[in-house]
Amino acid sequence: MQSMQTAVDDFEQVLEPLVHARNLAEWDAATAATDANEQQLVAASKRVDTVLAERERYAQLVEADHGGGADAQFARRVRLARLASEASQRDRALADRIIESEARLGSLFSRHRGKLGGREVNDNEIGKILRESANRDERRRAWDASKSIGRHAAPLVRELAHLRNEAARALGYRDHFVFSLTLDELDEIWLLALLDDLEGRLSATWERTKVSIDQERRERLGLAADEPLQPWDYADAFFQDLPTAGDDPLEAALEHVDPVEVARDYFHALGDDVDAVLERSDLYPRDGKNQHAFCADIDRRHDVRVLANCEPGTRWLGTMVHELGHAVYDLTIDAQLPWLLRSPAHTFTTEAIAMLHGRLVRDETFLERFAGVAPEIARDPRHVEMQRREMLIFAPWVQVMTRFERELYRDPDQDLGALWWRLAERYQRIAAPPGARPDDWACKIHVALAPVYYHNYLLGEVTASQLNWALARETGSPSPAVEPAAAGQFLRERFMRPGASLRWDALIADATGEPLSVDHLADWLTG
């Protein structure tokens, strides 16, 4: 035990500064997509991978992990070290090709801009047209602009899928899909059964809701009742967001509201100081910068940052509250834990906290108290139904992403364009547009750069609903905006502070009083 203790301690001491350097390099590459930053990221990633790949240490970790032990915290450190190392047990030349390809794709997504009328436009501009325009030709052009990266990304992603599969199969896994789930302490059969269960419970409600949404879109766009809708007739490029109602006053009410300041005030009320996070963050759009949003824990010692591209409105208000939810999780984890345990229990547990807060963009108490929205707008009863619809739209979208990636890694050479649209028709009930669409799947950045990740969003929503239920029991309201101090205390102490010292299933059962279940999410959406 003593020798293994020393080995794990040494592993942390060697790895910590290298991961810190890699995280800084990832941040630099995301905020400024230069060739120099791309090469810096490649070099830093290779240094981390080399340490994780050390075979003698990995063999020790496997033996210790299988042997168990009386000390639960140490056993958890061994397990996490073993899982992290297993991901890097691959041929060095293969590892270098994967790292270089991922960095090249990251730069592509940061640099690329679609074109409208010969002018480069960013994702915010495209999104505004898809949310607001009633001109179908303009909408079609904007939607096509959002898909223009596909033909550039698709060959690189296919190549990466083959490389990732090669690495996974060398370790005895069927493919990268199963490999990723296993190293993330999830089981493929369990996950697919959960997805099937949720789809079955939501199917009838989603069918009725989709019919209603389609009719509202036809009315908004001035179409006949039997006119088929096209993918560009919805509110975003992937139909993962709720179309805004024509008479919804909330966007106008938020037009001059700073989403950053609203999010800051809200988290202060919870008891979470996010000022230092915001000072280190990069929050507004510019050329050569990643157009999406994420939170980065750079050093597991409170250097936490958010990348965003903020503009006024519901989208970026929800995003800022979401990303700062990630940030406060990272900040709350017990600083006395060993380095390996100073991270969330799971990817989807931090998504759960982010989504719990991100849902508040249509919560009447949040809007009135923190965003300063007039009571008659904040208390509009339609917000409840719109929030419910948002989730009914999102759940099928996650089905598409998860099942697409499973098939992508089963056979990267199949007709992925046809597969993508079959799944969209099956789960989202969106008809494929006319003509060949071979590369639309490659436009989604997660497929390229966050592989086998998207299911975590839905697991996060399932967990967030269970946390809402627990908050109602503990504070009297499922909304953390109603009793923010009490809600913040509950979430910090019961859910976030343990970090990775508990496995995700043990954490959820301990924090909420019951194992993870889709019941709370399904009951909300079908009730």
# chains A, B, ... in the order shown; residues from 1 in each chain; ligands from 1
$ residues_around --residues "Phe404 in chain A" --least-positions-apart "5" --cutoff "8 Å" --atoms "only C-alpha atoms" --output "ChimeraX atom specification"
/A:419-420,423
$ write_last_selection --atoms "N, CA and C atoms" --output "compact mmCIF listing (two decimals), in the first residue's frame"
# COMPACT_ATOMS: atom_id res chain seq x y z
N LEU A 419 -27.60 9.11 -42.58
CA LEU A 419 -27.85 8.67 -41.20
C LEU A 419 -28.31 9.85 -40.34
N TRP A 420 -27.64 10.96 -40.46
CA TRP A 420 -27.97 12.17 -39.67
C TRP A 420 -29.43 12.56 -39.86
N LEU A 423 -32.07 10.08 -38.45
CA LEU A 423 -32.24 10.24 -37.01
C LEU A 423 -33.01 11.52 -36.68
$ residues_around --residues "range 256-262 of chain A" --least-positions-apart "5" --cutoff "7 Å" --atoms "only C-alpha atoms" --output "PyMOL selection string"
chain A and resi 312+316-317+320+370-371
$ residues_around --residues "range 352-368 of chain A" --least-positions-apart "2" --cutoff "8 Å" --atoms "only C-alpha atoms" --output "ChimeraX atom specification"
/A:266,314,317-326,329,348-350,370-375,378-380,383-384,386-387,457,459-465,467-468,479-482
$ closest_residue --among "A:Phe294, A:Phe490, A:Trp504, A:Trp469" --to "Asp523 in chain A" --atoms "only C-alpha atoms"
A:Trp469
$ residues_around --residues "Glu138 in chain A" --least-positions-apart "2" --cutoff "12 Å" --atoms "only C-alpha atoms" --output "list in words"
Leu116, Gly117, Ile126, Gly127, Lys128, Ile129, Leu130, Arg131, Glu132, Ser133, Ala134, Asn135, Arg136, Arg140, Arg141, Ala142, Trp143, Asp144, Ala145, Leu221, Trp232 and Asp233 of chain A
$ write_last_selection --atoms "N, CA, C and O atoms" --output "PDB file, in the first residue's frame"
ATOM      1  N   LEU A 116     -22.861  35.420 -45.872  1.00  0.00           N
ATOM      2  CA  LEU A 116     -24.175  35.869 -46.344  1.00  0.00           C
ATOM      3  C   LEU A 116     -23.963  37.045 -47.268  1.00  0.00           C
ATOM      4  O   LEU A 116     -23.391  38.063 -46.847  1.00  0.00           O
ATOM      5  N   GLY A 117     -24.403  36.898 -48.523  1.00  0.00           N
ATOM      6  CA  GLY A 117     -24.213  37.980 -49.485  1.00  0.00           C
ATOM      7  C   GLY A 117     -22.760  38.344 -49.669  1.00  0.00           C
ATOM      8  O   GLY A 117     -22.423  39.529 -49.867  1.00  0.00           O
ATOM      9  N   ILE A 126     -26.104  34.808 -37.509  1.00  0.00           N
ATOM     10  CA  ILE A 126     -26.922  33.741 -38.095  1.00  0.00           C
ATOM     11  C   ILE A 126     -28.069  33.397 -37.163  1.00  0.00           C
ATOM     12  O   ILE A 126     -29.227  33.247 -37.579  1.00  0.00           O
ATOM     13  N   GLY A 127     -27.762  33.274 -35.873  1.00  0.00           N
ATOM     14  CA  GLY A 127     -28.787  32.936 -34.897  1.00  0.00           C
ATOM     15  C   GLY A 127     -29.892  33.976 -34.832  1.00  0.00           C
ATOM     16  O   GLY A 127     -31.069  33.624 -34.676  1.00  0.00           O
ATOM     17  N   LYS A 128     -29.542  35.238 -34.958  1.00  0.00           N
ATOM     18  CA  LYS A 128     -30.545  36.311 -34.906  1.00  0.00           C
ATOM     19  C   LYS A 128     -31.529  36.190 -36.071  1.00  0.00           C
ATOM     20  O   LYS A 128     -32.739  36.345 -35.897  1.00  0.00           O
ATOM     21  N   ILE A 129     -31.008  35.880 -37.249  1.00  0.00           N
ATOM     22  CA  ILE A 129     -31.889  35.705 -38.411  1.00  0.00           C
ATOM     23  C   ILE A 129     -32.828  34.522 -38.194  1.00  0.00           C
ATOM     24  O   ILE A 129     -34.047  34.622 -38.439  1.00  0.00           O
ATOM     25  N   LEU A 130     -32.302  33.411 -37.720  1.00  0.00           N
ATOM     26  CA  LEU A 130     -33.137  32.226 -37.535  1.00  0.00           C
ATOM     27  C   LEU A 130     -34.161  32.416 -36.420  1.00  0.00           C
ATOM     28  O   LEU A 130     -35.239  31.817 -36.450  1.00  0.00           O
ATOM     29  N   ARG A 131     -33.853  33.245 -35.450  1.00  0.00           N
ATOM     30  CA  ARG A 131     -34.824  33.522 -34.384  1.00  0.00           C
ATOM     31  C   ARG A 131     -35.889  34.516 -34.815  1.00  0.00           C
ATOM     32  O   ARG A 131     -37.041  34.407 -34.415  1.00  0.00           O
ATOM     33  N   GLU A 132     -35.530  35.488 -35.643  1.00  0.00           N
ATOM     34  CA  GLU A 132     -36.405  36.643 -35.835  1.00  0.00           C
ATOM     35  C   GLU A 132     -36.975  36.826 -37.229  1.00  0.00           C
ATOM     36  O   GLU A 132     -38.055  37.400 -37.377  1.00  0.00           O
ATOM     37  N   SER A 133     -36.271  36.401 -38.256  1.00  0.00           N
ATOM     38  CA  SER A 133     -36.702  36.726 -39.611  1.00  0.00           C
ATOM     39  C   SER A 133     -37.922  35.914 -40.031  1.00  0.00           C
ATOM     40  O   SER A 133     -38.023  34.717 -39.735  1.00  0.00           O
ATOM     41  N   ALA A 134     -38.846  36.578 -40.746  1.00  0.00           N
ATOM     42  CA  ALA A 134     -40.002  35.898 -41.332  1.00  0.00           C
ATOM     43  C   ALA A 134     -39.808  35.687 -42.832  1.00  0.00           C
ATOM     44  O   ALA A 134     -40.713  35.201 -43.515  1.00  0.00           O
ATOM     45  N   ASN A 135     -38.635  36.040 -43.342  1.00  0.00           N
ATOM     46  CA  ASN A 135     -38.318  35.892 -44.762  1.00  0.00           C
ATOM     47  C   ASN A 135     -37.667  34.528 -44.978  1.00  0.00           C
ATOM     48  O   ASN A 135     -36.540  34.299 -44.571  1.00  0.00           O
ATOM     49  N   ARG A 136     -38.382  33.630 -45.664  1.00  0.00           N
ATOM     50  CA  ARG A 136     -37.874  32.258 -45.781  1.00  0.00           C
ATOM     51  C   ARG A 136     -36.608  32.179 -46.627  1.00  0.00           C
ATOM     52  O   ARG A 136     -35.742  31.336 -46.359  1.00  0.00           O
ATOM     53  N   ARG A 140     -33.230  30.597 -45.245  1.00  0.00           N
ATOM     54  CA  ARG A 140     -32.532  29.504 -45.940  1.00  0.00           C
ATOM     55  C   ARG A 140     -31.067  29.866 -46.146  1.00  0.00           C
ATOM     56  O   ARG A 140     -30.163  29.039 -45.926  1.00  0.00           O
ATOM     57  N   ARG A 141     -30.783  31.096 -46.528  1.00  0.00           N
ATOM     58  CA  ARG A 141     -29.393  31.505 -46.739  1.00  0.00           C
ATOM     59  C   ARG A 141     -28.603  31.469 -45.427  1.00  0.00           C
ATOM     60  O   ARG A 141     -27.441  31.040 -45.400  1.00  0.00           O
ATOM     61  N   ALA A 142     -29.236  31.908 -44.339  1.00  0.00           N
ATOM     62  CA  ALA A 142     -28.556  31.884 -43.038  1.00  0.00           C
ATOM     63  C   ALA A 142     -28.295  30.448 -42.595  1.00  0.00           C
ATOM     64  O   ALA A 142     -27.212  30.128 -42.077  1.00  0.00           O
ATOM     65  N   TRP A 143     -29.275  29.595 -42.788  1.00  0.00           N
ATOM     66  CA  TRP A 143     -29.118  28.187 -42.404  1.00  0.00           C
ATOM     67  C   TRP A 143     -27.994  27.545 -43.216  1.00  0.00           C
ATOM     68  O   TRP A 143     -27.153  26.822 -42.657  1.00  0.00           O
ATOM     69  N   ASP A 144     -27.963  27.810 -44.524  1.00  0.00           N
ATOM     70  CA  ASP A 144     -26.887  27.280 -45.359  1.00  0.00           C
ATOM     71  C   ASP A 144     -25.526  27.805 -44.897  1.00  0.00           C
ATOM     72  O   ASP A 144     -24.534  27.063 -44.898  1.00  0.00           O
ATOM     73  N   ALA A 145     -25.477  29.079 -44.501  1.00  0.00           N
ATOM     74  CA  ALA A 145     -24.210  29.638 -44.014  1.00  0.00           C
ATOM     75  C   ALA A 145     -23.735  28.905 -42.760  1.00  0.00           C
ATOM     76  O   ALA A 145     -22.538  28.675 -42.571  1.00  0.00           O
ATOM     77  N   LEU A 221     -44.608  32.503 -40.159  1.00  0.00           N
ATOM     78  CA  LEU A 221     -43.972  32.688 -41.459  1.00  0.00           C
ATOM     79  C   LEU A 221     -44.966  32.921 -42.587  1.00  0.00           C
ATOM     80  O   LEU A 221     -44.571  33.070 -43.751  1.00  0.00           O
ATOM     81  N   TRP A 232     -34.771  25.064 -41.917  1.00  0.00           N
ATOM     82  CA  TRP A 232     -34.455  26.482 -41.680  1.00  0.00           C
ATOM     83  C   TRP A 232     -35.660  27.281 -41.194  1.00  0.00           C
ATOM     84  O   TRP A 232     -35.560  28.476 -40.939  1.00  0.00           O
ATOM     85  N   ASP A 233     -36.806  26.636 -41.066  1.00  0.00           N
ATOM     86  CA  ASP A 233     -37.993  27.323 -40.554  1.00  0.00           C
ATOM     87  C   ASP A 233     -38.055  27.340 -39.030  1.00  0.00           C
ATOM     88  O   ASP A 233     -38.978  27.930 -38.452  1.00  0.00           O
TER      89      ASP A 233
END
$ select_by_dssp --residues "range 191-419 of chain A" --states "alpha helix (DSSP H)" --output "number ranges by chain"
A: 191-221, 250-253, 259-270, 275-280, 314-332, 347-358, 364-369, 375-378, 382-410, 416-419
$ residues_around --residues "Gln60 in chain A" --least-positions-apart "2" --cutoff "12 Å" --atoms "only C-alpha atoms" --output "list of chain:residue names"
A:Met1, A:Ser3, A:Met4, A:Gln5, A:Thr6, A:Ala7, A:Val8, A:Phe11, A:Glu54, A:Arg55, A:Glu56, A:Arg57, A:Tyr58, A:Val62, A:Glu63, A:Ala64, A:Asp65, A:His66, A:Gly67, A:Val78, A:Arg79, A:Ala81, A:Arg82, A:Ser85, A:Glu86
$ closest_residue --among "A:Gln489, A:Gln13, A:Thr347, A:Thr50" --to "Thr332 in chain A" --atoms "only C-alpha atoms"
A:Gln489
$ residues_around --residues "Ile393 in chain A" --least-positions-apart "2" --cutoff "12 Å" --atoms "only C-alpha atoms" --output "PyMOL selection string"
chain A and resi 199+202-203+205-210+213+234-236+238-243+386-391+395-400+424+427-430+458+525
$ closest_residue --among "A:Leu191, A:Leu471, A:Leu250, A:Leu521" --to "Phe177 in chain A" --atoms "only C-alpha atoms"
A:Leu191
$ select_by_dssp --residues "range 130-377 of chain A" --states "strand (DSSP E or B)" --output "JSON, numbers by chain"
{"A": [282, 294, 295, 296, 297, 304, 305, 306, 307]}
$ write_last_selection --atoms "C-alpha atoms" --output "tab-separated table (two decimals), in the first residue's frame"
chain	number	residue	atom	x	y	z
A	282	ASP	CA	-13.34	36.32	-22.25
A	294	PHE	CA	-17.50	26.92	-22.06
A	295	CYS	CA	-16.09	27.09	-18.56
A	296	ALA	CA	-12.48	26.08	-17.91
A	297	ASP	CA	-10.93	25.14	-14.58
A	304	VAL	CA	-11.66	29.29	-13.31
A	305	ARG	CA	-12.67	31.12	-16.50
A	306	VAL	CA	-15.60	31.38	-18.89
A	307	LEU	CA	-15.42	31.85	-22.63
$ closest_residue --among "A:Pro412, A:Pro498, A:Pro231, A:Gly114" --to "Ala335 in chain A" --atoms "only C-alpha atoms"
A:Pro498
$ residues_around --residues "Arg76 in chain A" --least-positions-apart "5" --cutoff "9 Å" --atoms "only C-alpha atoms" --output "mmCIF file with all heavy atoms, in the first residue's frame"
data_model
loop_
_atom_site.group_PDB
_atom_site.id
_atom_site.type_symbol
_atom_site.label_atom_id
_atom_site.label_comp_id
_atom_site.auth_asym_id
_atom_site.auth_seq_id
_atom_site.Cartn_x
_atom_site.Cartn_y
_atom_site.Cartn_z
ATOM 1 N N ASP A 65 -6.143 -1.075 -8.588
ATOM 2 C CA ASP A 65 -7.576 -0.839 -8.754
ATOM 3 C C ASP A 65 -8.360 -2.132 -8.591
ATOM 4 O O ASP A 65 -9.412 -2.170 -7.943
ATOM 5 C CB ASP A 65 -7.830 -0.221 -10.126
ATOM 6 C CG ASP A 65 -9.252 0.286 -10.284
ATOM 7 O OD1 ASP A 65 -9.889 0.623 -9.265
ATOM 8 O OD2 ASP A 65 -9.738 0.352 -11.429
ATOM 9 N N ASP A 71 -9.155 2.071 2.377
ATOM 10 C CA ASP A 71 -9.264 3.522 2.350
ATOM 11 C C ASP A 71 -10.056 3.946 1.118
ATOM 12 O O ASP A 71 -9.552 3.884 -0.008
ATOM 13 C CB ASP A 71 -7.860 4.134 2.331
ATOM 14 C CG ASP A 71 -7.881 5.652 2.446
ATOM 15 O OD1 ASP A 71 -8.833 6.268 1.948
ATOM 16 O OD2 ASP A 71 -6.932 6.212 3.023
ATOM 17 N N ALA A 81 -6.977 7.676 -11.486
ATOM 18 C CA ALA A 81 -5.666 7.654 -12.136
ATOM 19 C C ALA A 81 -5.613 6.544 -13.184
ATOM 20 O O ALA A 81 -5.066 6.729 -14.282
ATOM 21 C CB ALA A 81 -4.574 7.455 -11.087
ATOM 22 N N LEU A 340 -6.306 14.755 -7.757
ATOM 23 C CA LEU A 340 -7.133 13.899 -8.608
ATOM 24 C C LEU A 340 -8.615 13.994 -8.262
ATOM 25 O O LEU A 340 -9.473 13.741 -9.112
ATOM 26 C CB LEU A 340 -6.692 12.437 -8.493
ATOM 27 C CG LEU A 340 -5.490 12.022 -9.345
ATOM 28 C CD1 LEU A 340 -4.954 10.680 -8.876
ATOM 29 C CD2 LEU A 340 -5.872 11.955 -10.828
ATOM 30 N N LEU A 341 -8.943 14.347 -7.036
ATOM 31 C CA LEU A 341 -10.335 14.403 -6.589
ATOM 32 C C LEU A 341 -10.914 15.812 -6.650
ATOM 33 O O LEU A 341 -12.099 15.994 -6.373
ATOM 34 C CB LEU A 341 -10.446 13.855 -5.163
ATOM 35 C CG LEU A 341 -9.904 12.444 -4.936
ATOM 36 C CD1 LEU A 341 -10.142 12.015 -3.495
ATOM 37 C CD2 LEU A 341 -10.532 11.452 -5.907
ATOM 38 N N ALA A 500 -14.797 14.773 -6.784
ATOM 39 C CA ALA A 500 -14.765 13.414 -7.328
ATOM 40 C C ALA A 500 -14.462 12.372 -6.268
ATOM 41 O O ALA A 500 -14.164 11.217 -6.604
ATOM 42 C CB ALA A 500 -13.734 13.342 -8.453
ATOM 43 N N SER A 501 -14.554 12.754 -4.988
ATOM 44 C CA SER A 501 -14.304 11.772 -3.934
ATOM 45 C C SER A 501 -15.405 10.713 -3.885
ATOM 46 O O SER A 501 -15.200 9.617 -3.354
ATOM 47 C CB SER A 501 -14.184 12.460 -2.576
ATOM 48 O OG SER A 501 -15.400 13.097 -2.204
ATOM 49 N N LEU A 502 -16.574 11.036 -4.452
ATOM 50 C CA LEU A 502 -17.658 10.067 -4.591
ATOM 51 C C LEU A 502 -17.927 9.811 -6.063
ATOM 52 O O LEU A 502 -17.863 10.731 -6.885
ATOM 53 C CB LEU A 502 -18.948 10.599 -3.948
ATOM 54 C CG LEU A 502 -18.952 10.806 -2.437
ATOM 55 C CD1 LEU A 502 -20.278 11.421 -2.008
ATOM 56 C CD2 LEU A 502 -18.699 9.502 -1.703
ATOM 57 N N ARG A 503 -18.233 8.562 -6.404
ATOM 58 C CA ARG A 503 -18.683 8.274 -7.761
ATOM 59 C C ARG A 503 -20.040 8.925 -7.972
ATOM 60 O O ARG A 503 -20.795 9.157 -7.027
ATOM 61 C CB ARG A 503 -18.776 6.752 -7.963
ATOM 62 C CG ARG A 503 -18.504 6.317 -9.403
ATOM 63 C CD ARG A 503 -18.647 4.808 -9.509
ATOM 64 N NE ARG A 503 -19.924 4.454 -10.110
ATOM 65 C CZ ARG A 503 -20.050 3.749 -11.236
ATOM 66 N NH1 ARG A 503 -18.979 3.338 -11.880
ATOM 67 N NH2 ARG A 503 -21.236 3.434 -11.703
#
$ closest_residue --among "A:Leu171, A:Ala470, A:Ala431, A:Ala44" --to "Gly513 in chain A" --atoms "only C-alpha atoms"
A:Ala470
$ atom_distance --atom1 "CA of Gly527 in chain A" --atom2 "CA of Arg426 in chain A"
23.7 Å
